[in-house]
Amino acid sequence: MTEQKDPSLAAIDQVVAKAAAAADFWAQSPAAVRATLLNGLADALEGQQAELVAIADRESGLGEARLNGEVARTAFQLRGFASEVQAGVPYRQVASEAVAGAPPAGRPALVRVQRALGPVAMFSASNFPFAFSVLGGDTASALAAGCPVVVKPHSGHPELSRAVFELAAGVVRQQGLPEGVLTLVEAASRVGGTYLVQHPDIAAVAFTGSYQGGKALWQAANDRPRPVPFYGELGSINPLVALPAALESDSEGLARTLAASITLGCGQFCTSPGLIVLLDSPLSERFVAQLAEAIAPLATHRMLTPGMRQGFEAAAATVASHAAKVFEPAADGAGPAPRLFVTGASEFIANPHLREEMFGPAALVVRAASVEQVIEVLEAVGGSLTTTLWGAQAASDENRQLVRAAEKISGRVLFAGVPTGVAVCHAQQHGGPWPSSTTPHTTSVGYAALERFLRPVALQDAPAWVLG
Ligand code: NAP
């Protein structure tokens with residue numbers, strides 16, 4: 001007797017088969033066709049903005065202002081990738097002409113071209129229902145590279161995922177493109193997600209989410225008979241070093257700015273500053289008091305899911321059992337009251353519990369006795385999307401060492417402002433050493449994200465028709 005396949009897995013087979021069937025067509029599609037799709041998706045999204053934002057708000061609780069901003073960002077990204085395609089980025093070639101004579105100086109003619117990887121499994125993020133979901137940055141960059149996308153929707157916003165997908169599928173149909181260019185896995189489960197990652201026709205995976213979930217899926221991608229690239233953005237605690245030089249003037253203003261960044265979106269940002277590193281000094285003491293005063297009364301909105309709230313409470317309780325509270329949380333909102341904890345650098349370096357991400361409105365202050373110890377704290381963090389250095393403007397030896405330490409552990413180093421808010425542009429880098437990212441040499445935000453889904457091929461002594 002042959003065993004019946006789980007119907008939800010059989011449904012994934014069907015969806016992936018559509019993507020595989022569309023892969024050659026999409027990989028060879030001209031710039032105008034790809035750009036028209038990306039621009040069409042942006043227009044369609046904006047055309048249904050009000051209805052979609054209402055669904056997103058009901059499911060995520062993120063509020064209309066934030067969600068409208070996210071739609072604008074998503075449309076901007078789609079159009080930005082359309083411009084990249086029109087500028088020829090996915091089609092670029094590098095040629096080395098033939099040189100007569102013996103190697104190493106002599107060589108054949110070589111042309112290095114870029115080829116699309118194939119169908120990409122895209123795991124939507126919980127905390128960006130638009131900008132990192134069905135039509136978000138991963139989808140836009142994969143489509144721009146010439147890869148069909150199979151969306152694994154996030155269980156936190158199923159109705160929105162379906163509505164955005166229906167809208168996108170309508171655009172694909174209207175433009176006469178194969179439906180496999182963009183597909184959605186229905187009734188997705190964790191078993192289904194793992195099955196998708198291991199599907200032989202999936203050529204790469206894009207993921208934004210937790211360390212635990214991301215690591216499990218990264219392992220699944222690597223356990224395949226033929227492993228595929230897994231572009232995962234996992235947890236990050238985003239250290240912010242505030243040196244006394246920065247706290248001499250307007251430290252109250254800086255404290256308010258930092259409090260707003262820690263609590264933005266109820267702290268549910270991958271770039272939320274979760275670790276504040278201060279040098280022992282009266283200015284730092286004053287800053288902690290100002291930060292406490294600024295953050296304690298801030299009321300937050302509800303978290304994305306009850307599970308996320310539970311996760312935050314558990315993570316904050318763990319830190320509370322290893323560090324001191326700066327104040328008793330009391331703010332009265334629909335979400336959790338902000339928390340601020342404090343500990344010493346030696347304790348932070350010795351205790352891995354203090355380095356776990358608290359995904360929510362909380363931060364840990366670490367007091368260090370010297371710049372050397374600040375560097376040891378950064379080394380203990382290991383990998384982070386961002387590190388912020390306030391007060392490192394002078395070209396001193398100590399600041400050079402700090403910058404070097406920050407660059408070693410993070411993909412983006414800020415010298416002013418706060419890490420929340422990630423600009424979509426050519427110079428952006430969103431990804432850092434493990435655990436913030438599984439591929440620290442790539443970015444998931446900005447136009448370089450497209451390169452993740454291209455594979456170079458060197459064509460040697462190729463006839464002209466191959467180079468087209
Ligand atoms: P998540 O639990 O990792 O879920 C992300 C995606 O992976 C979802 O599609 C989920 O499926 C799937 N998944 C999770 N664990 C899996 C497993 N073991 N096997 C197969 N698939 C799995 O992330 P989340 O729901 O967005 O948030 C949970 C926590 O992640 C937060 O509390 C926070 O700590 C962290 N987080 C971090 C970032 C960041 O950027 N650093 C962003 C968001 C969240 P289901 O939808 O079916 O559950």
# chains A, B, ... in the order shown; residues from 1 in each chain; ligands from 1
>>> select_by_dssp(residues="stretch 75-307 of chain A", states="helix (DSSP H, G or I)", output="ChimeraX atom specification")
/A:75-86,89-91,137-145,158-174,179-181,190-197,211-222,244-247,251-267,282-295,306-307
>>> closest_atom_pairs(of="chain A", to="ligand 1", cutoff="8 Å", atoms="only C-alpha atoms and all ligand atoms", output="Markdown table")
| residue | atom | partner | partner_atom_place_in_ligand_line | distance |
| --- | --- | --- | --- | --- |
| A:Phe123 | CA | ligand 1 | 9 (O) | 5.4 |
| A:Ser124 | CA | ligand 1 | 9 (O) | 6.2 |
| A:Ala125 | CA | ligand 1 | 26 (O) | 5.3 |
| A:Ser126 | CA | ligand 1 | 26 (O) | 4.1 |
| A:Asn127 | CA | ligand 1 | 43 (C) | 5.4 |
| A:Lys152 | CA | ligand 1 | 9 (O) | 6.2 |
| A:Pro153 | CA | ligand 1 | 9 (O) | 6.1 |
| A:His154 | CA | ligand 1 | 46 (O) | 4.0 |
| A:Ser155 | CA | ligand 1 | 46 (O) | 3.8 |
| A:Gly156 | CA | ligand 1 | 46 (O) | 6.4 |
| A:Ala188 | CA | ligand 1 | 47 (O) | 6.1 |
| A:Ser189 | CA | ligand 1 | 47 (O) | 4.6 |
| A:Arg190 | CA | ligand 1 | 20 (C) | 3.9 |
| A:Val191 | CA | ligand 1 | 20 (C) | 6.0 |
| A:Gly192 | CA | ligand 1 | 20 (C) | 7.4 |
| A:Gly193 | CA | ligand 1 | 21 (N) | 4.9 |
| A:Thr194 | CA | ligand 1 | 20 (C) | 5.0 |
| A:Phe207 | CA | ligand 1 | 6 (C) | 7.2 |
| A:Thr208 | CA | ligand 1 | 40 (O) | 5.7 |
| A:Gly209 | CA | ligand 1 | 23 (O) | 3.8 |
| A:Ser210 | CA | ligand 1 | 30 (O) | 3.2 |
| A:Tyr211 | CA | ligand 1 | 3 (O) | 6.4 |
| A:Gln212 | CA | ligand 1 | 3 (O) | 6.2 |
| A:Gly213 | CA | ligand 1 | 15 (N) | 3.3 |
| A:Gly214 | CA | ligand 1 | 3 (O) | 5.5 |
| A:Lys215 | CA | ligand 1 | 18 (N) | 8.0 |
| A:Ala216 | CA | ligand 1 | 18 (N) | 5.2 |
| A:Leu217 | CA | ligand 1 | 20 (C) | 5.7 |
| A:Glu233 | CA | ligand 1 | 40 (O) | 6.0 |
| A:Leu234 | CA | ligand 1 | 41 (N) | 4.5 |
| A:Gly235 | CA | ligand 1 | 41 (N) | 3.6 |
| A:Ser236 | CA | ligand 1 | 41 (N) | 5.3 |
| A:Gln268 | CA | ligand 1 | 43 (C) | 6.9 |
| A:Phe269 | CA | ligand 1 | 40 (O) | 6.2 |
| A:Cys270 | CA | ligand 1 | 40 (O) | 3.6 |
| A:Thr271 | CA | ligand 1 | 40 (O) | 7.2 |
| A:Gly307 | CA | ligand 1 | 32 (O) | 7.2 |
| A:Met308 | CA | ligand 1 | 32 (O) | 4.4 |
| A:Arg309 | CA | ligand 1 | 32 (O) | 7.4 |
| A:Gly311 | CA | ligand 1 | 32 (O) | 5.3 |
| A:Phe312 | CA | ligand 1 | 32 (O) | 6.4 |
| A:Glu357 | CA | ligand 1 | 34 (O) | 6.5 |
| A:Met358 | CA | ligand 1 | 34 (O) | 6.7 |
| A:Phe359 | CA | ligand 1 | 34 (O) | 4.6 |
| A:Gly360 | CA | ligand 1 | 32 (O) | 7.8 |
| A:Ser436 | CA | ligand 1 | 41 (N) | 6.9 |
>>> residues_around(residues="A:Leu62", least_positions_apart="3", cutoff="8 Å", atoms="only C-alpha atoms", output="list in words")
Ala56, Asp57, Arg66, Leu67, Gly265, His301, Arg302 and Leu304 of chain A
>>> residues_around(residues="A:Thr420", least_positions_apart="2", cutoff="9 Å", atoms="only C-alpha atoms", output="PyMOL selection string")
chain A and resi 261-262+264+269-273+417-418+422
>>> atom_distance(atom1="atom CA of A:Ser410", atom2="atom CA of A:Gly431")
7.5 Å
